[in-house]
Amino acid sequence: MASYSTNDFRSGLKVMLEGDPCSIIDNEFVKPGKGQAFNRVKLRNYKTGRVWERTFKSGESLEAADVMDRDLEYLYNDGEFWHFMEPETFEQYQADANAVGDAAKWLKEQDRCEVTLYNDSPLAVTAANFVELEIVETDPGLKGDTASGGSKPATLSTGAVVKVPLFLSQGEIIRIDTRSGEYVGRGKS
Amino acid sequence: MPAADSWRPEAGLTELRARAVLLAQLRAFFAARDILEVETPLLCSYPVTDPNVVPMTSGERWLQTSPEYAMKRLLAAGSGPIYQVCKAFRAGEAGASHNPEFTMLEWYRPGFELPQLMAEVGELMAAVLERDSYRVVSYREIFCEQLQLDPFSASDAELEACVRSHIDYRPGPEPRDLWLDLLLSHVIEPRLTTEGLLFVHDYPASQAALARLREDASGCYAERFELYVDGVELANGYCELTDAAEQRCRFEHDNQLLQARGQPPRPLDEWLLQALQSGLPMCSGVALGVDRLLQAKLGLAQLREGLSFPWERS
């Protein structure tokens with residue numbers, strides 16, 4: 001497996017640290033006036049999600065991680081695993097709850113999402129930035145109340161609960177920003 | 001195929017004009033003090049020996065990492081006070097405050113002790129940055145103040161423990177100076193961002209580079225200073241070593257360090273040694289990063305914002 005020297009470090013680079021695949025978030029070159037040069041690096045551990053800051057001597061190297069981000073279609077959940085498919089090759093992947101994490105509450109069958117593969121198996125799943133989901137349960141809508149600015153909780157088809165304006169009712173499709181978990185408008189579909 | 005707009009300069013017209021004004025201010029400052037502007041070769045027969053500075057090469061020659069050796073040959077030949085604004089090159093030094101090719105201001109003052117030179121650097125800061133207050137602390141004081149640790153009397157194990165309590169650094173054992181470098185660059189410097197102008201002086205003898213050593217009852221110190229502006233190192237000054245035999249020892253010591261790291265030794269600049277042998281006048285000198293000075297003057301977040309074409313596009 002290839003390795004990267006500190007000179008190659010840049011954000012987004014995937015490397016192995018302590019046996020775990022990590023992504024470099026930030027790389028700062030630090031050199032005291034007449035002394036040794038260092039690289040102060042922020043890394044996100046794909047397995048734990050933790051961000052770690054570590055210092056290396058400039059010139060040190062880290063092994064490259066066999067990690068890649070793929071755009072896959074979400075198929076279904078069998079109760080234990082979430083299944084995804086590469087739309088061109090029909091190759092399928094199954095991800096456990098640990099890999100899917102918080103993305104689970106935004107995954108709708110046939111939606112595209114980003115799956116991070118490590119040694120060809122899913123390591124992390126990132127939902128699309130915007131998803132459209134159906135409201136399956138909420139208090140009855142207040143017709144015409146589009147101005148009061150109030151909100152109420154609504155349960156979506158995936159089980160996620162979000163705050164929505166009072167005028168929305170059960171059965172409607174809404175658009176959500178998955179990064180903030182906020183309602184952004186009515187869906188198009 | 002590069003991106004369609006990657007031919008464009010990084011610095012805007014405002015920054016380019018500010019750089020031109022700054023260069024004119026520097027030259028006016030030295031002209032008013034009767035300090036002679038000089039030029040020395042960028043492509044040199046001998047490289048710097050400092051193991052922590054990696055010189056670049058071009059053909060048979062070395063690109064200078066600073067004009068120090070050549071300027072000392074001028075001083076030994078009786079030039080009197082001199083200054084130079086030039087390009088310097090250091091391989092691998094790229095980041096938010098580094099560009100491998102950078103502009104350096106270096107000047108030498110025969111007869112000056114280090115405090116006089118620090119005062120002159122302070123006057124230059126007042127002239128170009130319009131900031132006239134600064135603080136002077138010793139290397140020992142800044143460590144005691146920030147870490148409650150005496151960098152001269154603490155054991156290697158205490159220095160290592162202090163490093164590991166602040167940052168994640170795995171390799172070890174390491175030489176004493178590496179622990180000191182980590183504490184200064186990773187723990188102390190980030191706390192100096194609100195300090196304004198700060199001179200740190202009296203470095204450990206092991207970090208003398210080309211500075212003279214001074215010994216008193218409290219210990220042995222390198223007569224060297226660094227100027228920080230809001231936590232960013234801007235200038236490095238020495239009361240210059242003038243002893244040819246001691247200079248040769250330091251060159252050879254650098255080469256031993258390089259070989260211990262598995263790197264080839266570098267040829268010694270015999271012309272500099274001859275110049276010292278013939279007599280370098282007692283003097284103090286300082287090198288200052290002009291790109292960082294511009295960055296500080298304009299309050300730029302990154303050094304590159306003040307460069308016409310930073311490294312990736314040069």
# chains A, B, ... in the order shown; residues from 1 in each chain; ligands from 1

$ closest_atom_pairs --of "chain B" --to "chain A" --cutoff "8 Å" --atoms "only C-alpha atoms" --output "JSON lines"
{"residue": "B:Asn52", "atom": "CA", "partner": "A:Gln36", "partner_atom": "CA", "distance": 5.5}
{"residue": "B:Gly92", "atom": "CA", "partner": "A:Asn7", "partner_atom": "CA", "distance": 6.9}
{"residue": "B:Glu93", "atom": "CA", "partner": "A:Phe29", "partner_atom": "CA", "distance": 7.5}
{"residue": "B:Ala94", "atom": "CA", "partner": "A:Phe29", "partner_atom": "CA", "distance": 6.8}
{"residue": "B:Gly95", "atom": "CA", "partner": "A:Phe29", "partner_atom": "CA", "distance": 5.2}
{"residue": "B:Ala96", "atom": "CA", "partner": "A:Glu28", "partner_atom": "CA", "distance": 7.2}
{"residue": "B:His98", "atom": "CA", "partner": "A:Phe29", "partner_atom": "CA", "distance": 7.9}
{"residue": "B:Ile167", "atom": "CA", "partner": "A:Arg54", "partner_atom": "CA", "distance": 7.0}
{"residue": "B:Asp168", "atom": "CA", "partner": "A:Arg54", "partner_atom": "CA", "distance": 4.9}
{"residue": "B:Tyr169", "atom": "CA", "partner": "A:Thr55", "partner_atom": "CA", "distance": 5.3}
{"residue": "B:Asp177", "atom": "CA", "partner": "A:Gly35", "partner_atom": "CA", "distance": 7.9}
{"residue": "B:Leu178", "atom": "CA", "partner": "A:Gln36", "partner_atom": "CA", "distance": 6.7}
{"residue": "B:Asp181", "atom": "CA", "partner": "A:Gly35", "partner_atom": "CA", "distance": 6.2}
{"residue": "B:Leu184", "atom": "CA", "partner": "A:Pro32", "partner_atom": "CA", "distance": 7.3}
{"residue": "B:Ser185", "atom": "CA", "partner": "A:Pro32", "partner_atom": "CA", "distance": 5.6}
{"residue": "B:Gln207", "atom": "CA", "partner": "A:Lys34", "partner_atom": "CA", "distance": 7.3}
{"residue": "B:Ala209", "atom": "CA", "partner": "A:Lys34", "partner_atom": "CA", "distance": 7.5}
{"residue": "B:Glu226", "atom": "CA", "partner": "A:Gly33", "partner_atom": "CA", "distance": 7.5}
{"residue": "B:Glu233", "atom": "CA", "partner": "A:Gly33", "partner_atom": "CA", "distance": 7.0}
{"residue": "B:Asn236", "atom": "CA", "partner": "A:Gly33", "partner_atom": "CA", "distance": 7.1}

$ write_last_selection --atoms "N, CA and C atoms" --output "mmCIF file, in the first residue's frame"
data_model
loop_
_atom_site.group_PDB
_atom_site.id
_atom_site.type_symbol
_atom_site.label_atom_id
_atom_site.label_comp_id
_atom_site.auth_asym_id
_atom_site.auth_seq_id
_atom_site.Cartn_x
_atom_site.Cartn_y
_atom_site.Cartn_z
ATOM 1 N N ASN B 52 18.128 21.816 9.898
ATOM 2 C CA ASN B 52 16.686 22.032 9.847
ATOM 3 C C ASN B 52 16.251 22.900 8.672
ATOM 4 N N GLY B 92 10.383 22.610 0.944
ATOM 5 C CA GLY B 92 9.400 21.985 1.830
ATOM 6 C C GLY B 92 8.684 22.928 2.771
ATOM 7 N N GLU B 93 9.095 24.204 2.820
ATOM 8 C CA GLU B 93 8.466 25.104 3.782
ATOM 9 C C GLU B 93 7.264 25.797 3.138
ATOM 10 N N ALA B 94 6.105 25.129 3.195
ATOM 11 C CA ALA B 94 4.893 25.677 2.613
ATOM 12 C C ALA B 94 3.768 25.554 3.621
ATOM 13 N N GLY B 95 2.996 26.623 3.803
ATOM 14 C CA GLY B 95 1.891 26.588 4.755
ATOM 15 C C GLY B 95 1.286 27.963 4.898
ATOM 16 N N ALA B 96 0.458 28.141 5.916
ATOM 17 C CA ALA B 96 -0.254 29.405 6.092
ATOM 18 C C ALA B 96 0.716 30.571 6.301
ATOM 19 N N HIS B 98 4.200 30.196 5.446
ATOM 20 C CA HIS B 98 5.435 29.864 4.724
ATOM 21 C C HIS B 98 5.185 29.738 3.236
ATOM 22 N N ILE B 167 0.181 18.133 23.929
ATOM 23 C CA ILE B 167 -0.110 17.736 22.546
ATOM 24 C C ILE B 167 0.101 16.239 22.364
ATOM 25 N N ASP B 168 -0.469 15.714 21.266
ATOM 26 C CA ASP B 168 -0.282 14.308 20.935
ATOM 27 C C ASP B 168 0.910 14.206 19.998
ATOM 28 N N TYR B 169 2.020 13.745 20.538
ATOM 29 C CA TYR B 169 3.240 13.538 19.761
ATOM 30 C C TYR B 169 3.792 12.191 20.182
ATOM 31 N N ASP B 177 16.494 19.643 22.430
ATOM 32 C CA ASP B 177 16.039 20.807 21.662
ATOM 33 C C ASP B 177 14.721 20.553 20.944
ATOM 34 N N LEU B 178 14.453 19.298 20.594
ATOM 35 C CA LEU B 178 13.185 19.006 19.919
ATOM 36 C C LEU B 178 12.020 19.207 20.884
ATOM 37 N N ASP B 181 11.577 22.904 21.115
ATOM 38 C CA ASP B 181 10.942 23.427 19.891
ATOM 39 C C ASP B 181 9.439 23.148 19.888
ATOM 40 N N LEU B 184 7.731 25.512 22.419
ATOM 41 C CA LEU B 184 7.670 26.893 21.945
ATOM 42 C C LEU B 184 6.666 27.040 20.799
ATOM 43 N N SER B 185 6.741 26.133 19.805
ATOM 44 C CA SER B 185 5.919 26.320 18.603
ATOM 45 C C SER B 185 4.470 25.871 18.787
ATOM 46 N N GLN B 207 20.997 26.217 20.665
ATOM 47 C CA GLN B 207 20.220 26.773 19.553
ATOM 48 C C GLN B 207 20.859 28.069 19.050
ATOM 49 N N ALA B 209 22.914 28.589 16.487
ATOM 50 C CA ALA B 209 23.129 28.754 15.041
ATOM 51 C C ALA B 209 24.423 29.546 14.845
ATOM 52 N N GLU B 226 14.427 36.545 18.746
ATOM 53 C CA GLU B 226 13.375 36.376 17.741
ATOM 54 C C GLU B 226 12.343 37.441 18.038
ATOM 55 N N GLU B 233 6.355 34.496 14.174
ATOM 56 C CA GLU B 233 7.757 34.854 14.188
ATOM 57 C C GLU B 233 8.082 35.681 12.945
ATOM 58 N N ASN B 236 14.774 37.170 13.116
ATOM 59 C CA ASN B 236 15.715 36.389 13.905
ATOM 60 C C ASN B 236 17.051 37.128 13.856
#

$ residues_around --residues "stretch 45-51 of chain A" --least-positions-apart "3" --cutoff "7 Å" --atoms "only C-alpha atoms" --output "PyMOL selection string"
chain A and resi 20-23+42+123-124

$ write_last_selection --atoms "C-alpha atoms" --output "CSV table (one decimal), in the first residue's frame"
chain,number,residue,atom,x,y,z
A,20,ASP,CA,-7.9,2.9,11.8
A,21,PRO,CA,-8.7,4.7,8.6
A,22,CYS,CA,-8.8,8.5,9.0
A,23,SER,CA,-9.4,11.5,6.9
A,42,LYS,CA,-6.3,17.3,12.5
A,123,LEU,CA,-17.6,2.5,6.8
A,124,ALA,CA,-19.8,5.6,6.9

$ residues_around --residues "B:Leu114" --least-positions-apart "2" --cutoff "9 Å" --atoms "only C-alpha atoms" --output "ChimeraX atom specification"
/B:112,116-119,223-225,237-239,283-285

$ write_last_selection --atoms "C-alpha atoms" --output "mmCIF file, in the first residue's frame"
data_model
loop_
_atom_site.group_PDB
_atom_site.id
_atom_site.type_symbol
_atom_site.label_atom_id
_atom_site.label_comp_id
_atom_site.auth_asym_id
_atom_site.auth_seq_id
_atom_site.Cartn_x
_atom_site.Cartn_y
_atom_site.Cartn_z
ATOM 1 C CA PHE B 112 26.100 46.996 17.689
ATOM 2 C CA GLN B 116 20.900 48.133 20.182
ATOM 3 C CA LEU B 117 19.823 46.029 17.211
ATOM 4 C CA MET B 118 16.554 45.051 18.932
ATOM 5 C CA ALA B 119 15.874 48.749 19.485
ATOM 6 C CA GLU B 223 23.091 35.990 21.982
ATOM 7 C CA ARG B 224 20.135 35.656 19.670
ATOM 8 C CA PHE B 225 16.624 37.083 19.526
ATOM 9 C CA GLY B 237 18.796 38.297 15.045
ATOM 10 C CA TYR B 238 22.283 37.459 16.309
ATOM 11 C CA CYS B 239 25.226 39.061 17.872
ATOM 12 C CA CYS B 283 28.548 43.115 14.673
ATOM 13 C CA SER B 284 24.896 42.208 15.082
ATOM 14 C CA GLY B 285 22.611 41.185 12.247
#

$ residues_around --residues "A:Gly101" --least-positions-apart "3" --cutoff "12 Å" --atoms "only C-alpha atoms" --output "list in words"
Tyr46, Lys47, Thr48, Gly49, Phe81, Trp82, Ala95, Asp96, Ala97, Asn98, Ala104, Lys105, Trp106, Leu107, Val115, Pro122, Leu123, Ala124, Val125, Thr126 and Ala127 of chain A

$ select_by_dssp --residues "stretch 22-107 of chain A" --states "strand (DSSP E or B)" --output "JSON, numbers by chain"
{"A": [22, 23, 24, 25, 26, 27, 28, 29, 30, 38, 39, 40, 41, 42, 43, 44, 45, 51, 52, 53, 54, 55, 56, 57, 61, 62, 63, 64, 67, 68, 69, 70, 71, 72, 73, 74, 75, 76, 77, 82, 83, 84, 85, 92, 93, 94, 95]}

$ residues_around --residues "A:Asp177" --least-positions-apart "4" --cutoff "7 Å" --atoms "only C-alpha atoms" --output "number ranges by chain"
A: 129-131, 181-184

$ select_by_dssp --residues "stretch 190-282 of chain B" --states "helix (DSSP H, G or I)" --output "ChimeraX atom specification"
/B:190-192,205-207,244-260,270-279

$ atom_distance --atom1 "atom CA of B:Ser165" --atom2 "atom CA of B:Thr193"
21.5 Å

$ atom_distance --atom1 "atom CA of B:Thr14" --atom2 "atom CA of B:Arg90"
27.4 Å

$ closest_residue --among "A:Ala2, A:Thr178, A:Phe9, A:Phe84" --to "A:Val162" --atoms "only C-alpha atoms"
A:Thr178

$ residues_around --residues "B:Val229" --least-positions-apart "3" --cutoff "8 Å" --atoms "only C-alpha atoms" --output "PyMOL selection string"
chain B and resi 193+195-198+232-234+296

$ write_last_selection --atoms "N, CA and C atoms" --output "PDB file, in the first residue's frame"
ATOM      1  N   THR B 193      -0.764  35.388  20.493  1.00  0.00           N
ATOM      2  CA  THR B 193      -1.493  36.115  19.436  1.00  0.00           C
ATOM      3  C   THR B 193      -1.992  37.479  19.902  1.00  0.00           C
ATOM      4  N   GLU B 195      -0.207  39.319  22.071  1.00  0.00           N
ATOM      5  CA  GLU B 195       0.967  39.942  22.698  1.00  0.00           C
ATOM      6  C   GLU B 195       1.488  41.161  21.957  1.00  0.00           C
ATOM      7  N   GLY B 196       1.052  41.373  20.701  1.00  0.00           N
ATOM      8  CA  GLY B 196       1.628  42.462  19.920  1.00  0.00           C
ATOM      9  C   GLY B 196       3.075  42.138  19.572  1.00  0.00           C
ATOM     10  N   LEU B 197       3.969  43.114  19.737  1.00  0.00           N
ATOM     11  CA  LEU B 197       5.376  42.902  19.400  1.00  0.00           C
ATOM     12  C   LEU B 197       6.111  42.359  20.618  1.00  0.00           C
ATOM     13  N   LEU B 198       6.782  41.248  20.427  1.00  0.00           N
ATOM     14  CA  LEU B 198       7.477  40.603  21.542  1.00  0.00           C
ATOM     15  C   LEU B 198       8.852  40.117  21.088  1.00  0.00           C
ATOM     16  N   VAL B 232       3.291  35.451  15.548  1.00  0.00           N
ATOM     17  CA  VAL B 232       3.974  34.949  14.341  1.00  0.00           C
ATOM     18  C   VAL B 232       5.422  35.430  14.364  1.00  0.00           C
ATOM     19  N   GLU B 233       6.355  34.496  14.174  1.00  0.00           N
ATOM     20  CA  GLU B 233       7.757  34.854  14.188  1.00  0.00           C
ATOM     21  C   GLU B 233       8.082  35.681  12.945  1.00  0.00           C
ATOM     22  N   LEU B 234       8.687  36.853  13.172  1.00  0.00           N
ATOM     23  CA  LEU B 234       8.937  37.761  12.055  1.00  0.00           C
ATOM     24  C   LEU B 234      10.423  37.928  11.756  1.00  0.00           C
ATOM     25  N   ALA B 296       1.308  41.066   8.322  1.00  0.00           N
ATOM     26  CA  ALA B 296       0.973  41.714   9.596  1.00  0.00           C
ATOM     27  C   ALA B 296       0.427  43.116   9.359  1.00  0.00           C
TER      28      ALA B 296
END

$ residues_around --residues "B:Glu15" --least-positions-apart "3" --cutoff "10 Å" --atoms "only C-alpha atoms" --output "PyMOL selection string"
chain B and resi 10-12+18-21+294-295+298+300+305-308

$ closest_residue --among "B:Glu141, B:Asp34, B:Glu270, B:Asp230" --to "B:Pro190" --atoms "only C-alpha atoms"
B:Asp230

$ closest_residue --among "A:Glu18, A:Glu132, A:Asp139, A:Asp120" --to "A:Pro165" --atoms "only C-alpha atoms"
A:Asp139

$ atom_distance --atom1 "atom CA of B:Glu189" --atom2 "atom CA of B:Phe152"
18.6 Å
